[in-house]
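Working notes, beginning with the structure itself.
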Amino acid sequence: MGQTLIEKVLARASGRQTVSPGEFIWAVPDLIIGHDLNFPRYRRMMQESGFMHLADASKVMVTIDHTTLSEQQSALEEHTWIRRDAESEKIHWFFDVGRQGISHNLPLDVDAVHPGMLVLASDTRAPALGCASAVSIAVGIGLVTVLATGKAWLRVPETIRVNVRGSLARNVMSRDIAQWIANRIGYENGDYRCIEFGGEFIDNLDMDGRHTLCNAMVDIGVKTAVCVPASASHVRDKGVSQWVTSDANASYVDVLDIDAGTIGPQISIPPDPENVVPASQMLGTRITHAFVGSCIGGKMEDMRAAGRCLAGRKVAPNVRMTIIPATQEIYKRALSEGLIDIFSQAGAVVAAGICGPCYGTFSPLAPGDVSLCTATRNDPGRMGSEDATVFIANAAVVAASAVQGRISMPEDTEE
Amino acid sequence: MPDQHETHMIQRGRAWVFGHNVPNDGGIMTIEMTRDRIYDPPALAKACMKNIDAQFAESVRPGDFLVAGRNFGRGQLHVQGPLGISALGLGLITESMSRSFFRLSVSVGLKMLPFCSDVTQLIRTNDEIEVDFREGRIRNLTTNESRSFQPLPKFLLDIVAAGGERPWLKTLAFKNHPEAQ
């Protein structure tokens with residue numbers, strides 16, 4: 001019997017020839033990621049348990065992405081703690097304030113994640129890095145053991161194969177495809193599984209789009225998601241990276257075939273991101289807040305889409321708009337493409353490399369606010385007040401709606 | 001250390017049986033406990049399963065078992081659910097468990113058999129059962145039925161028997177560097 005991509009990666013990481021779904025293994029990761037909200041806490045837990053030092057600081061990446069702009073002394077003290085620890089432990093990748101980015105995007109900027117790698121992170125949205133044909137798993141507080149011992153216990157998941165064909169319809173972005181597929185698979189089927197994306201649509205999809213697809217699967221409880229590499233030429237052979245993909249005779253628990261061309265723009269209705277309806281059903285809904293950013297919606301594809309809809313236009317007077325490229329690197333690219341100028345001229349506030357309102361900070365929501373955004377989730381209280389309403393859409397729909405002051409399609413602004 | 005398991009890892013008590021898809025937030029644990037970031041075991045014990053059975057925390061005794069169907073603990077990676085079950089001193093038997101709940105349950109040292117297909121057909125509420133967590137064997141003393149399921153692998157039993165991931169790390173650190181203790 002052939003092996004799936006994730007089975008091959010987990011076999012290598014646990015020093016075996018093969019692994020099977022349901023098996024428990026100890027696996028050694030190639031990259032370990034933490035951020036300001038968890039890393040210093042986990043390091044102290046380690047130390048209280050008698051492990052003073054990181055098992056392998058050369059694999060560790062830490063970024064300050066949640067409380068970056070905080071005025072809270074407690075947060076600033078944590079930053080200082082991380083800074084000192086990064087220096088004394090010789091942490092390989094430390095991104096201090098000013099060089100930071102969201103932990104799920106930053107590894108791509110610095111070329112730290114390659115096909116075939118095993119990545120372990122504390123944060124729930126770790127599976128996003130499956131975009132690079134790596135296996136990236138969120139272990140929460142389990143990261144304490146990983147940091148202390150250099151390994152983690154894992155249970156090998158079953159895999160659902162999703163073949164996507166066709167091309168994007170008008171006003172559709174990767175986010176629409178992602179939320180539609182998450183809705184189609186659902187929590188009952190997604191739980192504890194790996195979603196493997198392949199097919200001609202995926203082969204032609206850029207890294208941003210692949211990242212969006214893998215990221216969105218988090219909300220249906222998956223263990224991880226991964227895009228198979230398009231071809232051997234897409235794979236750079238360095239470090240542990242190697243040509244790794246699923247065998248033709250690999251075993252899947254389910255196989256879905258999806259035509260991307262049949263999917264239109266989607267809107268996620270509270271309280272779940274996968275709770276989608278066609279955007280056409282929501283046209284005209286008044287909004288007070290618009291946000292383009294977060295690990296899933298703050299990439300170059302989102303910046304460019306927002307730029308197209310905002311160029312030469314103004315954000316509606318009753319809407320406040322926030323735009324946050326997910327990393328400083330994306331910010332710099334947006335700047336060089338003239339997008340930051342467009343955003344500023346339109347009357348949007350711009351920050352860089354932080355979770356922002358998606359974590360309830362930096363322009364969060366007040367009671368009664370109605371936000372249309374590209375954030376990860378829309379449960380009550382997620383972006384500030386529990387008495388605010390959060391709708392999720394693609395960046396073009398968000399930007400076009402910010403101009404109109406109500407949920408609108410991009411063509412509405414092209415008068 | 002393995003010898004200690006034998007006594008720890010066999011448990012007898014009454015079963016409390018629930019259905020499929022019991023969510024973590026708002027099911028196993030009230031949403032207030034998670035929202036207010038409560039970690040106090042007695043408070044979490046009182047709120048455990050309250051949304052589904054208001055009398056649950058008062059009715060169960062340490063050593064009893066929470067038995068549930070598929071997809072137990074679906075939802076967010078919130079540790080209050082497993083902590084509540086642990087604070088009541090219950091063993092946990094499910095047909096399947098969400099990955100987030102499973103990982104957290106190991107972290108807090110819950111004794112469990114998480115992957116027992118159709119186990120809710122074998123056990124009814126108030127049945128007296130005996131569970132050998134190490135062997136994966138469930139004996140229903142009320143019906144005289146017995147079945148074996150997949151136990152946790154030995155290395156996870158070690159973590160659970162130590163009382164969870166952090167106490168287990170302590171024993172590991174002591175083994176590696178006895179002088180540090």
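Residue numbering restarts at 1 in every chain; chains get A, B, ... in the order shown in the structure tokens, and ligands count up from 1 in that same order.
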Residue neighbourhood region 178-187 of chain A, 8 Å, only C-alpha atoms, exclusion window fewer than 4 positions, as a PyMOL selection string:
chain A and resi 174+191+212-214+216-217+219-221+263+266+268+273-276
Based on the selection just made, write C-alpha atoms of those residues as a PDB file, in the first residue's frame.
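What landed in part_7.pdb:
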ATOM      1  CA  SER A 174      -8.771  31.798  -2.605  1.00  0.00           C
ATOM      2  CA  ASP A 191     -11.995  16.378  12.845  1.00  0.00           C
ATOM      3  CA  THR A 212      -5.400  30.380   2.567  1.00  0.00           C
ATOM      4  CA  LEU A 213      -6.763  26.909   1.742  1.00  0.00           C
ATOM      5  CA  CYS A 214      -4.708  25.150   4.419  1.00  0.00           C
ATOM      6  CA  ALA A 216      -9.163  27.776   6.631  1.00  0.00           C
ATOM      7  CA  MET A 217      -9.304  24.028   7.336  1.00  0.00           C
ATOM      8  CA  ASP A 219     -11.931  25.747  11.710  1.00  0.00           C
ATOM      9  CA  ILE A 220     -13.290  22.288  10.932  1.00  0.00           C
ATOM     10  CA  GLY A 221     -11.005  20.673  13.515  1.00  0.00           C
ATOM     11  CA  ILE A 263     -17.895  28.708  -6.539  1.00  0.00           C
ATOM     12  CA  GLN A 266     -18.924  33.784  -0.090  1.00  0.00           C
ATOM     13  CA  SER A 268     -19.330  33.808   6.533  1.00  0.00           C
ATOM     14  CA  PRO A 273     -16.270  30.960   9.480  1.00  0.00           C
ATOM     15  CA  GLU A 274     -17.405  27.857   7.595  1.00  0.00           C
ATOM     16  CA  ASN A 275     -21.013  29.007   8.018  1.00  0.00           C
ATOM     17  CA  VAL A 276     -21.067  30.471   4.493  1.00  0.00           C
TER      18      VAL A 276
END
Can you build me a table of chain A residues sitting at most 7 Å from chain B, with the closest atom pair per residue and its distance in Å to one decimal, using only C-alpha atoms, sorted by chain and residue number, as a tab-separated table?
residue	atom	partner	partner_atom	distance
A:Phe24	CA	B:Pro153	CA	6.9
A:Ser49	CA	B:Lys170	CA	4.6
A:Gly50	CA	B:Ala173	CA	5.4
A:Phe51	CA	B:Ala173	CA	6.2
A:Asp191	CA	B:Ser98	CA	6.2
A:Tyr192	CA	B:Arg99	CA	5.3
A:Lys223	CA	B:Arg99	CA	7.0
Can those selected residues be exported to a file as a PDB file, in the first residue's frame so that it contains C-alpha atoms?
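Result file selection_36.pdb:
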ATOM      1  CA  PHE A  24       1.027   6.881  18.010  1.00  0.00           C
ATOM      2  CA  SER A  49       9.783  21.070  35.461  1.00  0.00           C
ATOM      3  CA  GLY A  50      13.574  21.009  35.587  1.00  0.00           C
ATOM      4  CA  PHE A  51      14.394  21.660  31.919  1.00  0.00           C
ATOM      5  CA  ASP A 191     -11.995  16.378  12.845  1.00  0.00           C
ATOM      6  CA  TYR A 192      -8.669  14.640  13.449  1.00  0.00           C
ATOM      7  CA  LYS A 223      -5.060  17.940  12.491  1.00  0.00           C
TER       8      LYS A 223
END
Spatial neighbours of Phe94 (chain A), max dist 8 Å, only C-alpha atoms, sep filter under 3 positions, as a short mmCIF file (atom, residue, chain, number, x, y, z; two decimals) with C-alpha atoms, in the first residue's frame:
data_model
loop_
_atom_site.label_atom_id
_atom_site.label_comp_id
_atom_site.auth_asym_id
_atom_site.auth_seq_id
_atom_site.Cartn_x
_atom_site.Cartn_y
_atom_site.Cartn_z
CA MET A 61 11.35 30.60 15.77
CA VAL A 62 9.74 33.21 18.01
CA THR A 63 7.89 36.35 16.96
CA ALA A 86 16.47 34.60 22.70
CA ILE A 91 17.32 31.13 19.40
#
Got a sec to tell me which of region 42-72 of chain A DSSP assigns to strand (DSSP E), as a list in words?
Val60, Met61, Val62 and Thr63 of chain A
For Gly142 (chain A): contacts at 12 Å, only C-alpha atoms, fewer than 3 positions along chain excluded, given as a PDB file with C-alpha atoms, in the first residue's frame:
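Saved as part39.pdb:
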ATOM      1  CA  ILE A  32       9.289  24.840  16.206  1.00  0.00           C
ATOM      2  CA  GLY A  34       6.087  30.145  19.297  1.00  0.00           C
ATOM      3  CA  ASN A  38       2.750  31.427  24.723  1.00  0.00           C
ATOM      4  CA  PHE A  39       6.514  31.185  24.353  1.00  0.00           C
ATOM      5  CA  TYR A  42       5.944  27.642  28.142  1.00  0.00           C
ATOM      6  CA  ARG A  43       9.618  28.338  28.755  1.00  0.00           C
ATOM      7  CA  MET A  45       6.795  25.829  32.693  1.00  0.00           C
ATOM      8  CA  MET A  46       9.758  23.951  31.236  1.00  0.00           C
ATOM      9  CA  LEU A 120       5.180  22.077  15.329  1.00  0.00           C
ATOM     10  CA  ALA A 121       3.677  25.272  16.736  1.00  0.00           C
ATOM     11  CA  SER A 122       1.606  26.242  19.730  1.00  0.00           C
ATOM     12  CA  ASP A 123      -0.884  28.376  17.831  1.00  0.00           C
ATOM     13  CA  THR A 124      -4.041  26.807  16.393  1.00  0.00           C
ATOM     14  CA  ILE A 137       0.624  20.819  13.426  1.00  0.00           C
ATOM     15  CA  ALA A 138      -0.678  22.889  16.356  1.00  0.00           C
ATOM     16  CA  VAL A 139       0.095  21.285  19.713  1.00  0.00           C
ATOM     17  CA  THR A 145       7.414  19.069  25.868  1.00  0.00           C
ATOM     18  CA  VAL A 146       8.653  19.896  22.361  1.00  0.00           C
ATOM     19  CA  LEU A 147      10.801  22.794  23.572  1.00  0.00           C
ATOM     20  CA  ALA A 148      12.135  20.729  26.491  1.00  0.00           C
ATOM     21  CA  THR A 149      12.757  17.378  24.795  1.00  0.00           C
ATOM     22  CA  GLY A 150      12.903  18.218  21.080  1.00  0.00           C
ATOM     23  CA  LYS A 151      10.077  15.796  20.267  1.00  0.00           C
ATOM     24  CA  ALA A 152       6.310  15.434  20.464  1.00  0.00           C
ATOM     25  CA  TRP A 153       3.829  12.606  20.658  1.00  0.00           C
ATOM     26  CA  LEU A 154       1.495  12.541  17.689  1.00  0.00           C
TER      27      LEU A 154
ATOM     28  CA  LEU B  77      -8.369  24.029  22.422  1.00  0.00           C
ATOM     29  CA  VAL B  79      -8.215  23.096  28.852  1.00  0.00           C
ATOM     30  CA  SER B 100      -7.775  19.086  20.585  1.00  0.00           C
ATOM     31  CA  PHE B 102      -7.452  14.364  23.318  1.00  0.00           C
ATOM     32  CA  ARG B 103      -4.207  16.321  23.410  1.00  0.00           C
ATOM     33  CA  LEU B 104      -5.375  18.413  26.350  1.00  0.00           C
ATOM     34  CA  SER B 105      -6.620  15.322  28.210  1.00  0.00           C
ATOM     35  CA  VAL B 106      -3.178  13.723  27.963  1.00  0.00           C
ATOM     36  CA  SER B 107      -1.627  17.023  29.092  1.00  0.00           C
ATOM     37  CA  VAL B 108      -3.714  17.074  32.283  1.00  0.00           C
ATOM     38  CA  ILE B 159       2.447  10.566  30.950  1.00  0.00           C
ATOM     39  CA  GLY B 164       0.026  14.769  33.130  1.00  0.00           C
ATOM     40  CA  GLU B 165       2.666  16.262  30.913  1.00  0.00           C
ATOM     41  CA  ARG B 166       4.300  18.621  33.396  1.00  0.00           C
ATOM     42  CA  LEU B 169       8.554  16.175  32.471  1.00  0.00           C
TER      43      LEU B 169
END
For CA of Glu95 (chain B) and CA of Ala126 (chain A), determine how far apart the two atoms are, in Å to one decimal place.
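Separation between CA of Glu95 (chain B) and CA of Ala126 (chain A): 26.9 Å.
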Proximity to His20 (chain B) - best of B:Asp118, B:Asp40, B:Glu58, B:Asp53, only C-alpha atoms
B:Asp118
Distance query region 5-10 of chain A at most 6 Å, only C-alpha atoms, self and fewer than 4 positions along chain excluded, as JSON, numbers by chain
{"A": [19, 116, 245, 246]}
Take the residues that were just selected and, keeping N, CA and C atoms, output them as a CSV table (one decimal), in the first residue's frame.
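What follows is the written file part03.csv:
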chain,number,residue,atom,x,y,z
A,19,VAL,N,4.2,4.7,8.5
A,19,VAL,CA,3.3,4.8,9.7
A,19,VAL,C,1.9,4.6,9.1
A,116,GLY,N,8.2,18.6,2.9
A,116,GLY,CA,8.6,17.5,3.6
A,116,GLY,C,9.0,17.7,5.0
A,245,THR,N,5.8,13.5,-2.0
A,245,THR,CA,4.3,13.6,-2.3
A,245,THR,C,3.7,12.3,-2.1
A,246,SER,N,2.3,12.3,-2.2
A,246,SER,CA,1.6,11.1,-2.0
A,246,SER,C,1.8,10.1,-3.1
Would you give me, as a ChimeraX atom specification, the residues in region 302-365 of chain A that DSSP reads as alpha helix (DSSP H)?
/A:302-310,328-336,339-346
Which neighbours of Val97 (chain A) fall inside 8 Å, counting only C-alpha atoms, when residues of the same chain fewer than 2 positions from it are skipped, and could you give them as a ChimeraX atom specification?
/A:64,68,95,99-100
Would you pick out the contacts of Lys314 (chain A) at 12 Å or less, using only C-alpha atoms, so that residues sharing its chain but fewer than 6 positions from it are not included, and give the list as a PyMOL selection string?
chain A and resi 307+320-321+342-348+399-405+413
Check the smallest atom-to-atom distance from each of B:Gln80, B:Ser86, B:Thr94, B:Thr142 to Asp36 (chain B) using only C-alpha atoms, then report the winner.
B:Gln80
So how far away is CA of Ala225 (chain A) from CA of Arg193 (chain A), in Å?
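Separation between CA of Arg193 (chain A) and CA of Ala225 (chain A): 8.3 Å.
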Calculated over only C-alpha atoms, which of the candidates B:Pro151, B:Gly109, B:Gly26, B:Gly69 has the smallest distance to Pro82 (chain B)?
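Checking each candidate against Pro82 (chain B), we get B:Gly109 as the closest.
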Report, in Å with one decimal, the straight-line distance from CA of Glu411 (chain A) to CA of Thr376 (chain A).
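It comes out at 24.9 Å.
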